$ cat input_12.pdb   # PDB, C-alpha atoms, pLDDT in the B column
ATOM      1  CA  MET A 139      72.548 -33.651   3.885  1.00 82.00           C
ATOM      2  CA  THR A 140      69.782 -36.117   3.045  1.00 88.00           C
ATOM      3  CA  ASP A 141      69.950 -39.058   0.693  1.00 87.00           C
ATOM      4  CA  TYR A 142      67.637 -37.299  -1.766  1.00 86.00           C
ATOM      5  CA  ASP A 143      70.049 -34.342  -1.760  1.00 89.00           C
ATOM      6  CA  ASP A 144      72.754 -36.783  -2.820  1.00 90.00           C
ATOM      7  CA  ILE A 145      70.532 -37.993  -5.662  1.00 89.00           C
ATOM      8  CA  LEU A 146      69.733 -34.470  -6.840  1.00 89.00           C
ATOM      9  CA  ILE A 147      73.408 -33.476  -6.657  1.00 91.00           C
ATOM     10  CA  SER A 148      74.318 -36.539  -8.742  1.00 90.00           C
ATOM     11  CA  ILE A 149      71.666 -35.666 -11.338  1.00 88.00           C
ATOM     12  CA  ARG A 150      72.998 -32.108 -11.470  1.00 91.00           C
ATOM     13  CA  ARG A 151      76.573 -33.375 -11.903  1.00 91.00           C
ATOM     14  CA  ILE A 152      75.472 -35.602 -14.774  1.00 87.00           C
ATOM     15  CA  THR A 153      73.666 -32.669 -16.390  1.00 86.00           C
ATOM     16  CA  ARG A 154      76.730 -30.433 -15.968  1.00 90.00           C
ATOM     17  CA  ALA A 155      79.063 -33.096 -17.375  1.00 85.00           C
ATOM     18  CA  ILE A 156      76.870 -33.375 -20.470  1.00 84.00           C
ATOM     19  CA  ASP A 157      76.660 -29.592 -20.801  1.00 87.00           C
ATOM     20  CA  LEU A 158      80.427 -29.082 -20.422  1.00 87.00           C
ATOM     21  CA  GLN A 159      81.247 -31.864 -22.892  1.00 85.00           C
ATOM     22  CA  SER A 160      78.724 -30.483 -25.393  1.00 84.00           C
ATOM     23  CA  LYS A 161      80.227 -26.998 -25.172  1.00 87.00           C
ATOM     24  CA  GLN A 162      83.761 -28.360 -25.509  1.00 86.00           C
ATOM     25  CA  LEU A 163      82.736 -30.445 -28.505  1.00 86.00           C
ATOM     26  CA  VAL A 164      81.208 -27.446 -30.281  1.00 88.00           C
ATOM     27  CA  LYS A 165      84.249 -25.320 -29.432  1.00 88.00           C
ATOM     28  CA  GLN A 166      86.705 -27.939 -30.760  1.00 86.00           C
ATOM     29  CA  THR A 167      84.799 -29.102 -33.823  1.00 86.00           C
ATOM     30  CA  GLY A 168      81.991 -26.660 -34.522  1.00 89.00           C
ATOM     31  CA  LEU A 169      79.669 -29.678 -34.383  1.00 91.00           C
ATOM     32  CA  THR A 170      77.119 -30.859 -31.871  1.00 89.00           C
ATOM     33  CA  ALA A 171      76.974 -34.383 -30.457  1.00 86.00           C
ATOM     34  CA  PRO A 172      73.864 -35.248 -32.524  1.00 88.00           C
ATOM     35  CA  GLN A 173      75.596 -34.020 -35.681  1.00 92.00           C
ATOM     36  CA  LEU A 174      78.631 -36.194 -34.933  1.00 91.00           C
ATOM     37  CA  VAL A 175      76.459 -39.212 -34.161  1.00 89.00           C
ATOM     38  CA  VAL A 176      74.621 -38.746 -37.472  1.00 93.00           C
ATOM     39  CA  MET A 177      77.938 -38.476 -39.304  1.00 94.00           C
ATOM     40  CA  GLN A 178      79.221 -41.617 -37.540  1.00 92.00           C
ATOM     41  CA  ALA A 179      76.099 -43.533 -38.608  1.00 92.00           C
ATOM     42  CA  ILE A 180      76.580 -42.441 -42.216  1.00 95.00           C
ATOM     43  CA  ARG A 181      80.285 -43.354 -42.151  1.00 94.00           C
ATOM     44  CA  LYS A 182      79.492 -46.811 -40.769  1.00 92.00           C
ATOM     45  CA  GLU A 183      77.173 -47.630 -43.684  1.00 90.00           C
ATOM     46  CA  GLY A 184      78.814 -45.538 -46.388  1.00 89.00           C
ATOM     47  CA  ARG A 185      75.511 -43.900 -47.251  1.00 90.00           C
ATOM     48  CA  LEU A 186      72.101 -43.900 -45.608  1.00 93.00           C
ATOM     49  CA  SER A 187      68.634 -42.618 -46.309  1.00 93.00           C
ATOM     50  CA  PRO A 188      67.424 -40.037 -43.776  1.00 94.00           C
ATOM     51  CA  SER A 189      64.863 -42.502 -42.428  1.00 93.00           C
ATOM     52  CA  ALA A 190      67.588 -45.110 -41.874  1.00 94.00           C
ATOM     53  CA  VAL A 191      69.712 -42.503 -40.092  1.00 93.00           C
ATOM     54  CA  ALA A 192      66.728 -41.668 -37.869  1.00 91.00           C
ATOM     55  CA  ARG A 193      66.265 -45.337 -36.962  1.00 91.00           C
ATOM     56  CA  ASN A 194      69.998 -45.855 -36.323  1.00 89.00           C
ATOM     57  CA  VAL A 195      70.392 -42.906 -33.968  1.00 88.00           C
ATOM     58  CA  ALA A 196      66.905 -42.930 -32.378  1.00 83.00           C
ATOM     59  CA  LEU A 197      65.960 -39.404 -33.417  1.00 85.00           C
ATOM     60  CA  SER A 198      62.871 -38.220 -35.253  1.00 86.00           C
ATOM     61  CA  GLN A 199      62.816 -37.880 -39.029  1.00 88.00           C
ATOM     62  CA  ALA A 200      62.272 -34.115 -38.650  1.00 90.00           C
ATOM     63  CA  THR A 201      65.316 -33.780 -36.394  1.00 90.00           C
ATOM     64  CA  ILE A 202      67.463 -35.785 -38.822  1.00 93.00           C
ATOM     65  CA  THR A 203      66.327 -33.640 -41.744  1.00 94.00           C
ATOM     66  CA  SER A 204      67.310 -30.508 -39.824  1.00 94.00           C
ATOM     67  CA  ILE A 205      70.710 -31.972 -38.861  1.00 95.00           C
ATOM     68  CA  LEU A 206      71.366 -33.101 -42.441  1.00 96.00           C
ATOM     69  CA  ASP A 207      70.414 -29.643 -43.729  1.00 96.00           C
ATOM     70  CA  ARG A 208      73.006 -28.026 -41.433  1.00 95.00           C
ATOM     71  CA  LEU A 209      75.663 -30.623 -42.284  1.00 96.00           C
ATOM     72  CA  GLU A 210      75.002 -30.201 -46.004  1.00 96.00           C
ATOM     73  CA  LYS A 211      75.222 -26.408 -45.705  1.00 96.00           C
ATOM     74  CA  ALA A 212      78.608 -26.857 -43.967  1.00 95.00           C
ATOM     75  CA  GLU A 213      79.630 -29.173 -46.848  1.00 96.00           C
ATOM     76  CA  LEU A 214      80.238 -32.098 -44.491  1.00 96.00           C
ATOM     77  CA  VAL A 215      77.448 -34.231 -45.971  1.00 97.00           C
ATOM     78  CA  ARG A 216      75.956 -34.383 -49.430  1.00 96.00           C
ATOM     79  CA  ARG A 217      72.659 -35.826 -50.540  1.00 95.00           C
ATOM     80  CA  GLU A 218      72.497 -37.927 -53.659  1.00 93.00           C
ATOM     81  CA  ARG A 219      69.657 -39.684 -55.422  1.00 90.00           C
ATOM     82  CA  SER A 220      69.653 -43.418 -55.875  1.00 85.00           C
ATOM     83  CA  ALA A 221      70.612 -44.523 -59.375  1.00 86.00           C
ATOM     84  CA  SER A 222      67.987 -47.271 -59.326  1.00 87.00           C
ATOM     85  CA  ASP A 223      65.112 -45.359 -57.683  1.00 85.00           C
ATOM     86  CA  LYS A 224      65.075 -41.568 -58.029  1.00 84.00           C
ATOM     87  CA  ARG A 225      62.628 -41.269 -55.113  1.00 87.00           C
ATOM     88  CA  ILE A 226      65.335 -42.428 -52.691  1.00 89.00           C
ATOM     89  CA  VAL A 227      67.870 -39.911 -51.423  1.00 93.00           C
ATOM     90  CA  TYR A 228      70.997 -40.951 -49.551  1.00 95.00           C
ATOM     91  CA  ALA A 229      73.197 -38.944 -47.217  1.00 96.00           C
ATOM     92  CA  CYS A 230      76.946 -39.409 -47.760  1.00 96.00           C
ATOM     93  CA  LEU A 231      79.958 -37.884 -46.043  1.00 96.00           C
ATOM     94  CA  THR A 232      82.080 -35.495 -48.042  1.00 96.00           C
ATOM     95  CA  ALA A 233      85.873 -35.714 -47.823  1.00 96.00           C
ATOM     96  CA  ASP A 234      85.789 -32.750 -45.415  1.00 95.00           C
ATOM     97  CA  GLY A 235      83.088 -34.487 -43.354  1.00 95.00           C
ATOM     98  CA  GLN A 236      85.209 -37.625 -43.144  1.00 94.00           C
ATOM     99  CA  ARG A 237      88.242 -35.582 -42.034  1.00 93.00           C
ATOM    100  CA  ARG A 238      86.266 -33.639 -39.400  1.00 92.00           C
ATOM    101  CA  LEU A 239      84.826 -36.860 -38.043  1.00 89.00           C
ATOM    102  CA  GLU A 240      88.281 -38.420 -37.743  1.00 89.00           C
ATOM    103  CA  GLU A 241      89.581 -35.349 -35.902  1.00 87.00           C
ATOM    104  CA  ALA A 242      86.632 -35.127 -33.497  1.00 86.00           C
ATOM    105  CA  PRO A 243      87.164 -36.097 -29.858  1.00 82.00           C
ATOM    106  CA  GLU A 244      85.403 -39.077 -28.349  1.00 78.00           C
ATOM    107  CA  LEU A 245      81.809 -38.451 -27.397  1.00 77.00           C
ATOM    108  CA  LEU A 246      80.846 -38.587 -23.730  1.00 71.00           C
ATOM    109  CA  GLN A 247      78.676 -41.668 -24.273  1.00 71.00           C
ATOM    110  CA  ALA A 248      81.639 -43.615 -25.665  1.00 76.00           C
ATOM    111  CA  GLY A 249      83.511 -43.264 -22.362  1.00 80.00           C
ATOM    112  CA  PHE A 250      80.336 -44.094 -20.473  1.00 83.00           C
ATOM    113  CA  LEU A 251      79.804 -47.248 -22.559  1.00 83.00           C
ATOM    114  CA  ARG A 252      83.339 -48.444 -21.896  1.00 87.00           C
ATOM    115  CA  GLN A 253      82.765 -48.189 -18.153  1.00 90.00           C
ATOM    116  CA  TYR A 254      79.212 -49.560 -18.337  1.00 89.00           C
ATOM    117  CA  ARG A 255      80.358 -52.687 -20.175  1.00 91.00           C
ATOM    118  CA  LYS A 256      82.730 -53.462 -17.297  1.00 94.00           C
ATOM    119  CA  LEU A 257      79.805 -53.773 -14.866  1.00 95.00           C
ATOM    120  CA  GLU A 258      78.307 -57.074 -13.808  1.00 96.00           C
ATOM    121  CA  ASP A 259      74.894 -57.940 -15.270  1.00 96.00           C
ATOM    122  CA  TRP A 260      73.145 -57.340 -11.931  1.00 97.00           C
ATOM    123  CA  GLU A 261      74.742 -53.883 -11.683  1.00 96.00           C
ATOM    124  CA  ARG A 262      73.554 -52.981 -15.177  1.00 94.00           C
ATOM    125  CA  THR A 263      70.023 -54.139 -14.385  1.00 95.00           C
ATOM    126  CA  MET A 264      70.010 -52.188 -11.130  1.00 96.00           C
ATOM    127  CA  LEU A 265      71.263 -49.011 -12.835  1.00 93.00           C
ATOM    128  CA  VAL A 266      68.728 -49.184 -15.645  1.00 92.00           C
ATOM    129  CA  SER A 267      65.878 -49.827 -13.228  1.00 94.00           C
ATOM    130  CA  SER A 268      66.948 -47.068 -10.850  1.00 93.00           C
ATOM    131  CA  LEU A 269      67.373 -44.458 -13.563  1.00 90.00           C
ATOM    132  CA  GLN A 270      64.053 -45.372 -15.167  1.00 90.00           C
ATOM    133  CA  ARG A 271      62.442 -44.955 -11.760  1.00 91.00           C
ATOM    134  CA  VAL A 272      64.098 -41.543 -11.254  1.00 90.00           C
ATOM    135  CA  ALA A 273      62.901 -40.436 -14.715  1.00 88.00           C
ATOM    136  CA  SER A 274      59.383 -41.550 -13.790  1.00 90.00           C
ATOM    137  CA  MET A 275      59.553 -39.687 -10.474  1.00 91.00           C
ATOM    138  CA  MET A 276      60.510 -36.556 -12.417  1.00 88.00           C
ATOM    139  CA  ASP A 277      57.480 -36.979 -14.736  1.00 87.00           C
ATOM    140  CA  ALA A 278      59.840 -37.542 -17.662  1.00 83.00           C
ATOM    141  CA  ASP A 279      58.325 -40.809 -18.922  1.00 77.00           C
ATOM    142  CA  GLY A 280      56.552 -39.182 -21.871  1.00 72.00           C
ATOM    143  CA  LEU A 281      59.516 -37.156 -23.101  1.00 70.00           C
ATOM    144  CA  ASP A 282      61.107 -38.063 -26.419  1.00 62.00           C
ATOM    145  CA  ALA A 283      64.818 -38.633 -25.864  1.00 65.00           C
ATOM    146  CA  SER A 284      67.526 -40.428 -27.775  1.00 61.00           C
ATOM    147  CA  PRO A 285      70.580 -42.152 -26.306  1.00 62.00           C
ATOM    148  CA  ILE A 286      72.763 -39.227 -27.381  1.00 62.00           C
ATOM    149  CA  LEU A 287      74.212 -37.355 -24.426  1.00 57.00           C
ATOM    150  CA  ASP A 288      73.685 -33.743 -25.361  1.00 55.00           C
ATOM    151  CA  VAL A 289      72.072 -30.685 -23.879  1.00 47.00           C
ATOM    152  CA  GLY A 290      69.215 -29.347 -25.930  1.00 49.00           C
ATOM    153  CA  GLU A 291      65.510 -29.127 -26.363  1.00 45.00           C
ATOM    154  CA  ILE A 292      63.524 -32.228 -25.455  1.00 41.00           C
ATOM    155  CA  VAL A 293      60.173 -32.503 -27.122  1.00 42.00           C
ATOM    156  CA  GLY A 294      57.215 -34.029 -25.253  1.00 41.00           C
ATOM    157  CA  SER A 295      55.147 -36.626 -27.030  1.00 38.00           C
TER     158      SER A 295
END

$ encode --input "input_12.pdb" --output "structure tokens"
Amino acid sequence: MTDYDDILISIRRITRAIDLQSKQLVKQTGLTAPQLVVMQAIRKEGRLSPSAVARNVALSQATITSILDRLEKAELVRRERSASDKRIVYACLTADGQRRLEEAPELLQAGFLRQYRKLEDWERTMLVSSLQRVASMMDADGLDASPILDVGEIVGS
């Protein structure tokens, strides 16, 4: 086997790990990783405008609106208007949303972050540089992607 085979096998393993974790997450909670990340961002602040959620989780405003629509339909999030400025709408967790979030398993990126933080600075720099180079070699530089590990549609910019 060649060294580039080893690289491609590693990329495939990463992709499979993300896919398996995403499927397990949906099976256990009925929620996707992006939905859980959005709910975590709302819980952290108590309430957030959709644009603030988008900034916090590095997803587009349109994607956040779609996620919030699904979460609201499932009665996990509610939208409420600001008392001081009726043009502002905030997303808040419902009691059921809070409970579901507390019961949800750890996201794949949380385990990754724990291990990543144990690395030396030079190892982190080398990993970031190498992965950015691999993404470039795969013509993926122009793809819109957030730091949420989930399988799904990636939209080109």

$ residues_around --input "input_12.pdb" --residues "A:Val272" --least-positions-apart "6" --cutoff "12 Å" --atoms "all atoms listed in the file" --output "CSV table (one decimal) with C-alpha atoms, in the frame of the given file"
chain,number,residue,atom,x,y,z
A,142,TYR,CA,67.6,-37.3,-1.8
A,145,ILE,CA,70.5,-38.0,-5.7
A,146,LEU,CA,69.7,-34.5,-6.8
A,148,SER,CA,74.3,-36.5,-8.7
A,149,ILE,CA,71.7,-35.7,-11.3
A,265,LEU,CA,71.3,-49.0,-12.8
A,266,VAL,CA,68.7,-49.2,-15.6
A,278,ALA,CA,59.8,-37.5,-17.7
A,279,ASP,CA,58.3,-40.8,-18.9

$ atom_distance --input "input_12.pdb" --atom1 "atom CA of A:Leu158" --atom2 "atom CA of A:Ala248"
15.5 Å

$ closest_residue --input "input_12.pdb" --among "A:Glu213, A:Asp157, A:Asp143, A:Asp259" --to "A:Gly235" --atoms "only C-alpha atoms"
A:Glu213

$ resolve_selection --input "input_12.pdb" --expression "the PyMOL selection byres ((chain A and resi 219) around 12)" --output "list in words"
Arg185, Leu186, Ser187, Pro188, Arg216, Arg217, Glu218, Ser220, Ala221, Ser222, Asp223, Lys224, Arg225, Ile226, Val227, Tyr228, Ala229 and Cys230 of chain A

$ atom_distance --input "input_12.pdb" --atom1 "atom CA of A:Ile156" --atom2 "atom CA of A:Arg262"
20.6 Å

$ closest_residue --input "input_12.pdb" --among "A:Leu251, A:Ala179, A:Val164, A:Leu245" --to "A:Ala196" --atoms "all atoms listed in the file"
A:Ala179

$ closest_residue --input "input_12.pdb" --among "A:Ala155, A:Ala171, A:Met276, A:Val176" --to "A:Pro243" --atoms "only C-alpha atoms"
A:Ala171
